[in-house]
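Undergrad: Just structure.cif, nothing more (mmCIF, C-alpha atoms):
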```
data_protein
loop_
_atom_site.group_PDB
_atom_site.id
_atom_site.type_symbol
_atom_site.label_atom_id
_atom_site.label_comp_id
_atom_site.auth_asym_id
_atom_site.auth_seq_id
_atom_site.Cartn_x
_atom_site.Cartn_y
_atom_site.Cartn_z
ATOM 1 C CA MET U 1 25.354 -52.392 -1.562
ATOM 2 C CA ILE U 2 23.764 -53.811 -4.727
ATOM 3 C CA ARG U 3 26.383 -54.095 -7.469
ATOM 4 C CA LEU U 4 25.054 -56.115 -10.352
ATOM 5 C CA LEU U 5 21.896 -57.208 -12.087
ATOM 6 C CA ILE U 6 22.323 -59.731 -14.891
ATOM 7 C CA ALA U 7 20.658 -59.395 -18.281
ATOM 8 C CA MET U 8 16.887 -59.644 -18.316
ATOM 9 C CA CYS U 9 16.897 -62.669 -20.628
ATOM 10 C CA LYS U 10 18.639 -64.777 -17.942
ATOM 11 C CA GLN U 11 17.713 -65.844 -14.444
ATOM 12 C CA PHE U 12 17.346 -62.783 -12.226
ATOM 13 C CA GLN U 13 20.145 -62.278 -9.715
ATOM 14 C CA LEU U 14 21.552 -59.601 -7.429
ATOM 15 C CA THR U 15 25.089 -59.255 -6.085
ATOM 16 C CA PHE U 16 25.977 -57.625 -2.752
ATOM 17 C CA ASN U 17 29.182 -56.806 -0.852
ATOM 18 C CA SER U 18 29.376 -57.777 2.801
ATOM 19 C CA THR U 19 30.430 -54.925 5.092
ATOM 20 C CA GLU U 20 29.989 -56.838 8.366
ATOM 21 C CA GLU U 21 31.017 -60.128 9.946
ATOM 22 C CA ILE U 22 27.528 -61.573 10.341
ATOM 23 C CA LEU U 23 25.597 -64.650 9.276
ATOM 24 C CA LEU U 24 24.386 -64.745 5.692
ATOM 25 C CA ARG U 25 20.726 -64.809 6.763
ATOM 26 C CA GLU U 26 21.189 -61.621 8.813
ATOM 27 C CA ALA U 27 22.781 -59.841 5.867
ATOM 28 C CA LEU U 28 20.017 -60.972 3.526
ATOM 29 C CA SER U 29 17.383 -59.670 5.952
ATOM 30 C CA LYS U 30 19.114 -56.263 6.044
ATOM 31 C CA TRP U 31 19.073 -56.204 2.249
ATOM 32 C CA GLY U 32 15.295 -56.703 2.241
ATOM 33 C CA ILE U 33 15.166 -60.354 1.217
ATOM 34 C CA SER U 34 12.241 -61.899 3.081
ATOM 35 C CA LYS U 35 11.971 -65.346 4.659
ATOM 36 C CA ARG U 36 9.350 -66.208 2.051
ATOM 37 C CA THR U 37 11.799 -65.325 -0.718
ATOM 38 C CA LEU U 38 14.524 -67.413 0.929
ATOM 39 C CA THR U 39 12.162 -70.380 1.101
ATOM 40 C CA SER U 40 11.409 -69.973 -2.590
ATOM 41 C CA ILE U 41 15.124 -69.747 -3.405
ATOM 42 C CA LYS U 42 15.793 -72.944 -1.440
ATOM 43 C CA PHE U 43 12.998 -75.077 -2.880
ATOM 44 C CA ASP U 44 12.163 -73.569 -6.288
ATOM 45 C CA GLY U 45 15.476 -73.462 -8.110
ATOM 46 C CA GLY U 46 17.398 -70.492 -6.740
ATOM 47 C CA SER U 47 20.847 -70.313 -5.140
ATOM 48 C CA LEU U 48 22.851 -68.386 -2.546
ATOM 49 C CA LEU U 49 26.531 -67.967 -3.437
ATOM 50 C CA VAL U 50 29.364 -66.545 -1.369
ATOM 51 C CA ASN U 51 32.472 -65.782 -3.424
ATOM 52 C CA GLY U 52 31.102 -68.067 -6.131
ATOM 53 C CA HIS U 53 30.367 -71.059 -3.876
ATOM 54 C CA GLU U 54 26.897 -72.184 -2.799
ATOM 55 C CA LYS U 55 26.243 -71.667 0.927
ATOM 56 C CA THR U 56 23.410 -71.977 3.426
ATOM 57 C CA VAL U 57 21.922 -69.048 5.329
ATOM 58 C CA ARG U 58 23.953 -70.094 8.401
ATOM 59 C CA HIS U 59 27.259 -69.320 6.665
ATOM 60 C CA PRO U 60 29.338 -66.653 8.518
ATOM 61 C CA LEU U 61 30.341 -63.731 6.320
ATOM 62 C CA ALA U 62 33.629 -61.861 6.345
ATOM 63 C CA ILE U 63 34.018 -58.230 5.353
ATOM 64 C CA GLY U 64 34.473 -58.043 1.590
ATOM 65 C CA ASP U 65 32.673 -61.298 0.768
ATOM 66 C CA VAL U 66 30.665 -61.168 -2.446
ATOM 67 C CA ILE U 67 27.152 -62.572 -2.059
ATOM 68 C CA THR U 68 25.128 -63.523 -5.119
ATOM 69 C CA VAL U 69 21.413 -64.214 -4.803
ATOM 70 C CA ILE U 70 20.007 -66.155 -7.747
ATOM 71 C CA PHE U 71 16.222 -66.039 -7.760
ATOM 72 C CA PRO U 72 13.996 -68.856 -9.059
ATOM 73 C CA LEU U 73 12.470 -68.495 -12.488
ATOM 74 C CA GLU U 74 8.919 -67.176 -12.224
ATOM 75 C CA GLU U 75 5.955 -68.790 -13.926
ATOM 76 C CA VAL U 76 2.977 -66.890 -15.256
ATOM 77 C CA SER U 77 -0.228 -67.783 -13.429
ATOM 78 C CA SER U 78 -2.198 -70.462 -15.232
ATOM 79 C CA GLY U 79 -5.225 -68.167 -15.176
ATOM 80 C CA LEU U 80 -3.441 -65.354 -17.032
ATOM 81 C CA ILE U 81 -3.874 -65.616 -20.785
ATOM 82 C CA ARG U 82 -0.925 -64.408 -22.863
ATOM 83 C CA GLN U 83 -2.398 -62.169 -25.519
ATOM 84 C CA LYS U 84 -0.780 -60.119 -28.266
ATOM 85 C CA GLY U 85 -1.771 -56.469 -28.029
ATOM 86 C CA SER U 86 -0.490 -52.931 -28.260
ATOM 87 C CA LEU U 87 1.669 -51.628 -25.396
ATOM 88 C CA ASP U 88 2.624 -47.957 -25.171
ATOM 89 C CA ILE U 89 5.959 -48.402 -23.360
ATOM 90 C CA VAL U 90 7.244 -45.193 -21.787
ATOM 91 C CA TYR U 91 10.325 -46.688 -20.091
ATOM 92 C CA GLU U 92 11.938 -50.072 -19.580
ATOM 93 C CA ASP U 93 15.049 -51.463 -17.930
ATOM 94 C CA ASP U 94 16.022 -54.731 -16.262
ATOM 95 C CA VAL U 95 13.527 -54.301 -13.408
ATOM 96 C CA LEU U 96 11.034 -51.576 -14.350
ATOM 97 C CA LEU U 97 8.373 -51.334 -17.051
ATOM 98 C CA ILE U 98 6.331 -48.115 -17.338
ATOM 99 C CA VAL U 99 3.410 -48.114 -19.772
ATOM 100 C CA ASN U 100 0.710 -45.679 -20.782
ATOM 101 C CA LYS U 101 -2.714 -47.311 -20.406
ATOM 102 C CA PRO U 102 -5.582 -46.086 -22.597
ATOM 103 C CA PRO U 103 -9.070 -45.484 -21.181
ATOM 104 C CA GLY U 104 -11.435 -48.432 -21.397
ATOM 105 C CA GLN U 105 -8.796 -51.104 -20.712
ATOM 106 C CA SER U 106 -8.749 -53.054 -17.456
ATOM 107 C CA THR U 107 -5.400 -53.373 -15.722
ATOM 108 C CA ILE U 108 -5.879 -57.010 -14.668
ATOM 109 C CA PRO U 109 -8.262 -59.784 -15.792
ATOM 110 C CA SER U 110 -11.483 -60.608 -13.994
ATOM 111 C CA ARG U 111 -13.925 -63.493 -14.269
ATOM 112 C CA GLU U 112 -16.108 -61.380 -16.555
ATOM 113 C CA HIS U 113 -13.185 -60.024 -18.631
ATOM 114 C CA PRO U 114 -10.374 -62.626 -18.731
ATOM 115 C CA SER U 115 -8.666 -61.125 -21.796
ATOM 116 C CA GLY U 116 -7.802 -57.812 -23.400
ATOM 117 C CA THR U 117 -6.317 -56.387 -20.216
ATOM 118 C CA LEU U 118 -2.955 -54.728 -19.742
ATOM 119 C CA ALA U 119 -1.726 -57.787 -17.821
ATOM 120 C CA ASN U 120 -2.634 -60.098 -20.738
ATOM 121 C CA TYR U 121 -0.587 -57.969 -23.132
ATOM 122 C CA VAL U 122 2.380 -57.682 -20.763
ATOM 123 C CA ALA U 123 2.463 -61.462 -20.219
ATOM 124 C CA TYR U 124 2.683 -61.967 -23.987
ATOM 125 C CA TYR U 125 5.372 -59.282 -24.285
ATOM 126 C CA TYR U 126 7.469 -60.920 -21.562
ATOM 127 C CA GLU U 127 7.244 -64.263 -23.354
ATOM 128 C CA GLN U 128 8.344 -62.727 -26.655
ATOM 129 C CA MET U 129 11.256 -60.905 -24.997
ATOM 130 C CA SER U 130 12.304 -63.948 -22.892
ATOM 131 C CA ILE U 131 11.765 -62.049 -19.650
ATOM 132 C CA PRO U 132 11.488 -64.707 -16.891
ATOM 133 C CA SER U 133 8.813 -63.021 -14.790
ATOM 134 C CA THR U 134 5.142 -63.103 -14.123
ATOM 135 C CA VAL U 135 3.223 -59.809 -14.242
ATOM 136 C CA HIS U 136 3.827 -57.653 -11.141
ATOM 137 C CA ILE U 137 1.769 -54.443 -11.213
ATOM 138 C CA LEU U 138 2.779 -51.725 -8.751
ATOM 139 C CA THR U 139 0.230 -49.053 -9.639
ATOM 140 C CA ARG U 140 -3.170 -50.176 -10.863
ATOM 141 C CA LEU U 141 -5.646 -47.884 -12.608
ATOM 142 C CA ASP U 142 -9.427 -48.217 -12.879
ATOM 143 C CA LYS U 143 -10.666 -49.427 -16.270
ATOM 144 C CA ASP U 144 -11.794 -45.969 -17.374
ATOM 145 C CA THR U 145 -8.865 -44.063 -15.876
ATOM 146 C CA SER U 146 -6.017 -43.547 -18.323
ATOM 147 C CA GLY U 147 -2.323 -42.885 -17.895
ATOM 148 C CA LEU U 148 0.878 -44.292 -16.447
ATOM 149 C CA VAL U 149 1.038 -47.777 -14.921
ATOM 150 C CA CYS U 150 4.193 -49.103 -13.239
ATOM 151 C CA LEU U 151 5.260 -52.746 -13.343
ATOM 152 C CA VAL U 152 8.325 -54.595 -12.058
ATOM 153 C CA LYS U 153 9.941 -57.734 -13.422
ATOM 154 C CA ASN U 154 10.725 -59.667 -10.261
ATOM 155 C CA ARG U 155 8.804 -60.779 -7.174
ATOM 156 C CA HIS U 156 11.519 -59.551 -4.785
ATOM 157 C CA ILE U 157 11.611 -56.070 -6.339
ATOM 158 C CA HIS U 158 7.805 -55.974 -6.151
ATOM 159 C CA HIS U 159 7.994 -56.835 -2.455
ATOM 160 C CA ILE U 160 10.507 -54.142 -1.492
ATOM 161 C CA MET U 161 8.740 -51.451 -3.519
ATOM 162 C CA ASN U 162 5.345 -52.311 -2.046
ATOM 163 C CA ARG U 163 6.595 -51.956 1.516
ATOM 164 C CA SER U 164 8.466 -48.681 0.994
ATOM 165 C CA HIS U 165 7.525 -45.167 -0.119
ATOM 166 C CA MET U 166 9.302 -45.201 -3.461
ATOM 167 C CA ILE U 167 6.519 -43.939 -5.742
ATOM 168 C CA ASN U 168 4.641 -40.633 -6.076
ATOM 169 C CA LYS U 169 1.733 -40.359 -8.516
ATOM 170 C CA THR U 170 0.121 -37.223 -9.884
ATOM 171 C CA TYR U 171 -3.208 -37.159 -11.726
ATOM 172 C CA GLU U 172 -5.091 -34.553 -13.715
ATOM 173 C CA ALA U 173 -8.881 -34.421 -13.669
ATOM 174 C CA ILE U 174 -11.625 -32.225 -15.057
ATOM 175 C CA THR U 175 -14.399 -31.609 -12.554
ATOM 176 C CA HIS U 176 -17.852 -30.087 -12.638
ATOM 177 C CA GLY U 177 -18.066 -26.553 -11.296
ATOM 178 C CA LYS U 178 -15.545 -23.846 -10.585
ATOM 179 C CA ILE U 179 -13.231 -24.683 -7.688
ATOM 180 C CA VAL U 180 -12.409 -21.309 -6.137
ATOM 181 C CA GLN U 181 -9.676 -22.428 -3.743
ATOM 182 C CA SER U 182 -6.421 -22.749 -5.730
ATOM 183 C CA PHE U 183 -4.970 -25.393 -3.389
ATOM 184 C CA GLN U 184 -6.478 -27.620 -0.761
ATOM 185 C CA GLU U 185 -5.661 -30.747 1.170
ATOM 186 C CA ILE U 186 -8.508 -33.217 1.351
ATOM 187 C CA ILE U 187 -8.003 -35.431 4.383
ATOM 188 C CA ALA U 188 -11.106 -37.576 4.753
ATOM 189 C CA PRO U 189 -11.405 -41.320 5.512
ATOM 190 C CA ILE U 190 -12.784 -43.554 2.773
ATOM 191 C CA GLY U 191 -14.759 -46.785 3.152
ATOM 192 C CA ARG U 192 -17.164 -48.992 1.244
ATOM 193 C CA LYS U 193 -20.648 -47.571 0.813
ATOM 194 C CA GLY U 194 -23.440 -49.628 2.353
ATOM 195 C CA SER U 195 -23.882 -52.999 0.678
ATOM 196 C CA SER U 196 -22.080 -51.978 -2.542
ATOM 197 C CA ILE U 197 -18.956 -53.900 -3.496
ATOM 198 C CA ILE U 198 -17.849 -51.128 -5.861
ATOM 199 C CA GLU U 199 -18.861 -47.697 -4.577
ATOM 200 C CA ARG U 200 -16.875 -45.894 -1.867
ATOM 201 C CA GLU U 201 -17.668 -42.863 0.265
ATOM 202 C CA VAL U 202 -16.179 -40.605 2.918
ATOM 203 C CA ARG U 203 -17.144 -42.104 6.274
ATOM 204 C CA GLU U 204 -15.868 -41.894 9.846
ATOM 205 C CA ASP U 205 -15.001 -45.582 10.053
ATOM 206 C CA GLY U 206 -13.130 -45.537 6.737
ATOM 207 C CA LEU U 207 -9.383 -45.740 6.099
ATOM 208 C CA PHE U 208 -7.228 -42.627 6.292
ATOM 209 C CA ALA U 209 -7.027 -40.911 2.887
ATOM 210 C CA HIS U 210 -5.112 -37.779 1.867
ATOM 211 C CA THR U 211 -5.241 -35.990 -1.506
ATOM 212 C CA ASP U 212 -3.667 -32.649 -2.483
ATOM 213 C CA VAL U 213 -5.660 -30.715 -5.083
ATOM 214 C CA ASN U 214 -4.146 -27.885 -7.135
ATOM 215 C CA VAL U 215 -6.377 -25.995 -9.552
ATOM 216 C CA ILE U 216 -4.673 -25.590 -12.927
ATOM 217 C CA TYR U 217 -7.514 -23.629 -14.496
ATOM 218 C CA PRO U 218 -10.859 -22.656 -12.916
ATOM 219 C CA HIS U 219 -13.425 -22.194 -15.703
ATOM 220 C CA THR U 220 -16.914 -20.865 -15.052
ATOM 221 C CA HIS U 221 -18.506 -24.309 -15.320
ATOM 222 C CA PHE U 222 -15.595 -26.716 -14.798
ATOM 223 C CA SER U 223 -12.145 -26.956 -13.245
ATOM 224 C CA HIS U 224 -8.937 -28.529 -14.520
ATOM 225 C CA VAL U 225 -7.099 -29.851 -11.468
ATOM 226 C CA LYS U 226 -3.918 -31.673 -10.531
ATOM 227 C CA CYS U 227 -4.118 -34.237 -7.708
ATOM 228 C CA LEU U 228 -1.244 -35.716 -5.725
ATOM 229 C CA LEU U 229 -1.995 -38.926 -3.846
ATOM 230 C CA HIS U 230 -0.495 -39.399 -0.391
ATOM 231 C CA THR U 231 -2.476 -42.615 0.127
ATOM 232 C CA GLY U 232 -3.876 -45.138 -2.335
ATOM 233 C CA ARG U 233 -7.475 -45.894 -1.410
ATOM 234 C CA THR U 234 -9.889 -47.340 -3.950
ATOM 235 C CA HIS U 235 -11.433 -44.525 -6.051
ATOM 236 C CA GLN U 236 -9.694 -41.998 -3.787
ATOM 237 C CA ILE U 237 -9.554 -39.000 -6.138
ATOM 238 C CA ARG U 238 -13.050 -39.655 -7.458
ATOM 239 C CA VAL U 239 -14.514 -39.889 -3.947
ATOM 240 C CA HIS U 240 -12.629 -36.895 -2.554
ATOM 241 C CA LEU U 241 -13.550 -34.568 -5.418
ATOM 242 C CA ALA U 242 -17.207 -35.612 -5.191
ATOM 243 C CA HIS U 243 -17.003 -35.067 -1.418
ATOM 244 C CA ILE U 244 -16.109 -31.380 -1.885
ATOM 245 C CA GLY U 245 -18.968 -30.952 -4.361
ATOM 246 C CA HIS U 246 -16.982 -31.203 -7.595
ATOM 247 C CA PRO U 247 -17.387 -34.698 -9.086
ATOM 248 C CA ILE U 248 -15.256 -35.618 -12.074
ATOM 249 C CA MET U 249 -16.905 -35.133 -15.450
ATOM 250 C CA GLY U 250 -18.081 -38.463 -16.895
ATOM 251 C CA ASP U 251 -17.956 -40.186 -13.500
ATOM 252 C CA ASP U 252 -21.620 -41.122 -13.142
ATOM 253 C CA LEU U 253 -20.859 -43.421 -10.179
ATOM 254 C CA TYR U 254 -20.024 -40.355 -8.086
ATOM 255 C CA GLY U 255 -22.359 -37.741 -9.535
ATOM 256 C CA GLY U 256 -20.595 -36.743 -12.737
ATOM 257 C CA LYS U 257 -22.525 -36.180 -15.971
ATOM 258 C CA ILE U 258 -21.757 -38.189 -19.105
ATOM 259 C CA ASP U 259 -23.062 -35.740 -21.718
ATOM 260 C CA LEU U 260 -19.588 -34.526 -22.758
ATOM 261 C CA ILE U 261 -17.406 -37.537 -21.959
ATOM 262 C CA SER U 262 -18.441 -41.149 -21.397
ATOM 263 C CA ARG U 263 -15.787 -42.050 -18.808
ATOM 264 C CA GLN U 264 -14.305 -40.302 -15.791
ATOM 265 C CA ALA U 265 -12.005 -37.494 -16.967
ATOM 266 C CA LEU U 266 -9.072 -38.720 -14.907
ATOM 267 C CA HIS U 267 -5.534 -39.373 -16.152
ATOM 268 C CA CYS U 268 -2.299 -40.339 -14.373
ATOM 269 C CA THR U 269 0.064 -37.736 -15.814
ATOM 270 C CA SER U 270 3.212 -38.194 -13.747
ATOM 271 C CA VAL U 271 4.993 -40.906 -11.796
ATOM 272 C CA GLU U 272 8.118 -40.322 -9.713
ATOM 273 C CA ILE U 273 10.036 -43.451 -8.714
ATOM 274 C CA LYS U 274 13.130 -44.043 -6.644
ATOM 275 C CA HIS U 275 14.850 -46.816 -8.569
ATOM 276 C CA PRO U 276 14.955 -49.933 -6.344
ATOM 277 C CA LEU U 277 18.541 -50.813 -7.321
ATOM 278 C CA THR U 278 20.359 -47.591 -8.171
ATOM 279 C CA GLY U 279 18.464 -45.202 -5.884
ATOM 280 C CA GLU U 280 18.150 -42.782 -8.796
ATOM 281 C CA LEU U 281 15.019 -40.631 -8.819
ATOM 282 C CA LEU U 282 13.153 -41.141 -12.105
ATOM 283 C CA THR U 283 10.194 -39.107 -13.360
ATOM 284 C CA PHE U 284 7.860 -40.148 -16.167
ATOM 285 C CA THR U 285 5.083 -38.086 -17.720
ATOM 286 C CA SER U 286 2.064 -38.648 -19.947
ATOM 287 C CA SER U 287 0.044 -35.977 -21.744
ATOM 288 C CA LEU U 288 -3.744 -35.848 -21.537
ATOM 289 C CA PRO U 289 -5.613 -38.084 -23.992
ATOM 290 C CA VAL U 290 -7.726 -36.593 -26.786
ATOM 291 C CA ASP U 291 -11.092 -37.012 -25.053
ATOM 292 C CA MET U 292 -9.935 -34.950 -22.049
ATOM 293 C CA LYS U 293 -8.217 -32.309 -24.179
ATOM 294 C CA LYS U 294 -11.485 -31.711 -26.029
ATOM 295 C CA LEU U 295 -13.152 -30.761 -22.749
ATOM 296 C CA LEU U 296 -10.647 -27.960 -22.269
ATOM 297 C CA ILE U 297 -11.171 -26.319 -25.655
#
```
Please lay out the structure from this file as structure tokens.
TA:
Amino acid sequence: MIRLLIAMCKQFQLTFNSTEEILLREALSKWGISKRTLTSIKFDGGSLLVNGHEKTVRHPLAIGDVITVIFPLEEVSSGLIRQKGSLDIVYEDDVLLIVNKPPGQSTIPSREHPSGTLANYVAYYYEQMSIPSTVHILTRLDKDTSGLVCLVKNRHIHHIMNRSHMINKTYEAITHGKIVQSFQEIIAPIGRKGSSIIEREVREDGLFAHTDVNVIYPHTHFSHVKCLLHTGRTHQIRVHLAHIGHPIMGDDLYGGKIDLISRQALHCTSVEIKHPLTGELLTFTSSLPVDMKKLLI
């Protein structure tokens, strides 16, 4: 059982209680600490302590032993520019950072846009707050999709959350046309379209994709919908809504018109997370931005 996480301004560590008489490496594996992480701890400045004394992974544990895992300090990638910028922080603790991303901002840098991204701003924020972590993004949004983005402050926490089902995301979108069916499951595989490196489509040889669509309000010429993702394929909501004949307004890549809004009317409104240390179920929400609200007037 995880007992303690030290203050974020110090080197990240976790403390466990042994409930079995097993080798330290077996216990660490059960607690989700990978071989890669152990290698990093051994060679990059971390430590494994049993009852306050440094031990190797071959050390036999007794019931009641206290195991402390001290993780190496993380360095920001040399290619990530620290840049001062505005962050709309919704929630923060020792391991989680939830922010509200505006439309028009990339989540991570690219060769064409190395600065001005959410990751650039977070890297600067971590430096100012003495948080010893690089930028680990759990839930990435397209540049023109707005809403909640989840980050974690340690490589190990990022690893265990990526491999488990600890996050549920809900989006709201405004589509062209009146969607008559109040609820539908869209289960249709998604793959890359032809020679395009960007555009996706529903295709038989694609990856399994599942989206639940609830209609909040069906207008004569548009629909306000809520979408729950069961999988996380690239452009999943955009592709699935276009597939049923109701592309998102402003999404010209998938058939949407840009006369009323110049970006896809898609916003991540809710994120539900099982906290990786406490197990507590946390829910965060974000209201629609102004440009989407105007479409509903």
Undergrad: With all atoms listed in the file as the counted atoms, please give the residues lying no more than 10 Å from U:Leu288, apart from itself and same-chain residues fewer than 6 positions off, as a VMD selection string.
TA: chain U and resid 146 to 147 171 to 173 265 to 269 294
Undergrad: Please, could you write that set of residues out with C-alpha atoms as a JSON list (two decimals), in the coordinates of the input?
TA:
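Heads up, here's the output in out.json:
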```json
[["chain", "number", "residue", "atom", "x", "y", "z"],
["U", 146, "SER", "CA", -6.02, -43.55, -18.32],
["U", 147, "GLY", "CA", -2.32, -42.88, -17.90],
["U", 171, "TYR", "CA", -3.21, -37.16, -11.73],
["U", 172, "GLU", "CA", -5.09, -34.55, -13.72],
["U", 173, "ALA", "CA", -8.88, -34.42, -13.67],
["U", 265, "ALA", "CA", -12.00, -37.49, -16.97],
["U", 266, "LEU", "CA", -9.07, -38.72, -14.91],
["U", 267, "HIS", "CA", -5.53, -39.37, -16.15],
["U", 268, "CYS", "CA", -2.30, -40.34, -14.37],
["U", 269, "THR", "CA", 0.06, -37.74, -15.81],
["U", 294, "LYS", "CA", -11.48, -31.71, -26.03]]
```
Undergrad: Could you state which residues are captured by the PyMOL selection byres ((chain U and resi 84-86) around 6) in this file, as a list in words?
TA: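 For this structure, the PyMOL selection byres ((chain U and resi 84-86) around 6) resolves to Gln83, Leu87, Tyr121 and Tyr124 of chain U.
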Undergrad: Got a sec to resolve the PyMOL selection byres ((chain U and resi 156) around 9) on this structure and send the residues as a list in words?
TA: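 Evaluating the PyMOL selection byres ((chain U and resi 156) around 9) on these coordinates yields Gly32, Ile33, Ser34, Thr37, Phe71, Lys153, Asn154, Arg155, Ile157, His158, His159, Ile160 and Met161 of chain U.
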Undergrad: Which residues fall under the PyMOL selection byres ((chain U and resi 275-281) around 12) in this file, as a PyMOL selection string?
TA: chain U and resi 1-5+13-16+31-32+92-97+150+152-154+156-168+271-274+282-284
Undergrad: I need the chosen residues saved as a CSV table (one decimal), in the frame of the given file, with C-alpha atoms.
TA:
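Below is the file part-v1.csv, written as the result:
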```
chain,number,residue,atom,x,y,z
U,1,MET,CA,25.4,-52.4,-1.6
U,2,ILE,CA,23.8,-53.8,-4.7
U,3,ARG,CA,26.4,-54.1,-7.5
U,4,LEU,CA,25.1,-56.1,-10.4
U,5,LEU,CA,21.9,-57.2,-12.1
U,13,GLN,CA,20.1,-62.3,-9.7
U,14,LEU,CA,21.6,-59.6,-7.4
U,15,THR,CA,25.1,-59.3,-6.1
U,16,PHE,CA,26.0,-57.6,-2.8
U,31,TRP,CA,19.1,-56.2,2.2
U,32,GLY,CA,15.3,-56.7,2.2
U,92,GLU,CA,11.9,-50.1,-19.6
U,93,ASP,CA,15.0,-51.5,-17.9
U,94,ASP,CA,16.0,-54.7,-16.3
U,95,VAL,CA,13.5,-54.3,-13.4
U,96,LEU,CA,11.0,-51.6,-14.4
U,97,LEU,CA,8.4,-51.3,-17.1
U,150,CYS,CA,4.2,-49.1,-13.2
U,152,VAL,CA,8.3,-54.6,-12.1
U,153,LYS,CA,9.9,-57.7,-13.4
U,154,ASN,CA,10.7,-59.7,-10.3
U,156,HIS,CA,11.5,-59.6,-4.8
U,157,ILE,CA,11.6,-56.1,-6.3
U,158,HIS,CA,7.8,-56.0,-6.2
U,159,HIS,CA,8.0,-56.8,-2.5
U,160,ILE,CA,10.5,-54.1,-1.5
U,161,MET,CA,8.7,-51.5,-3.5
U,162,ASN,CA,5.3,-52.3,-2.0
U,163,ARG,CA,6.6,-52.0,1.5
U,164,SER,CA,8.5,-48.7,1.0
U,165,HIS,CA,7.5,-45.2,-0.1
U,166,MET,CA,9.3,-45.2,-3.5
U,167,ILE,CA,6.5,-43.9,-5.7
U,168,ASN,CA,4.6,-40.6,-6.1
U,271,VAL,CA,5.0,-40.9,-11.8
U,272,GLU,CA,8.1,-40.3,-9.7
U,273,ILE,CA,10.0,-43.5,-8.7
U,274,LYS,CA,13.1,-44.0,-6.6
U,282,LEU,CA,13.2,-41.1,-12.1
U,283,THR,CA,10.2,-39.1,-13.4
U,284,PHE,CA,7.9,-40.1,-16.2
```
Undergrad: What is the distance, in Å and to one decimal place, between atom CA of U:Phe222 and atom CA of U:Leu296?
TA: 9.0 Å
Undergrad: Find the residues around stretch 249-255 of chain U up to 7 Å (all atoms listed in the file counted), leave out those fewer than 2 positions away in its own chain, and share them as a list in words.
TA: Ile174, Thr175, His176, Val239, Ala242, Pro247, Lys257, Ile258, Ile261, Ser262, Arg263, Gln264 and Ala265 of chain U
Undergrad: Please determine, counting only C-alpha atoms, which residue among U:Leu38, U:Ala119, U:Ile131, U:Ala27 has the shortest atom-to-atom distance to U:Glu74.
TA: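 Looking at the shortest contact to U:Glu74, the residue is U:Ile131.
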Undergrad: Name the residues in contact with U:Gln236 at a cut-off of 8 Å, using all atoms listed in the file, excluding same-chain residues fewer than 3 positions from it; report them as an MDAnalysis selection string.
TA: chainID U and resid 190 209 211 232:233 239:240
Undergrad: Which neighbours of U:Val99 fall inside 7 Å, counting all atoms listed in the file, when residues of the same chain fewer than 6 positions from it are skipped, and could you give them as a PyMOL selection string?
TA: chain U and resi 87-90+148-150
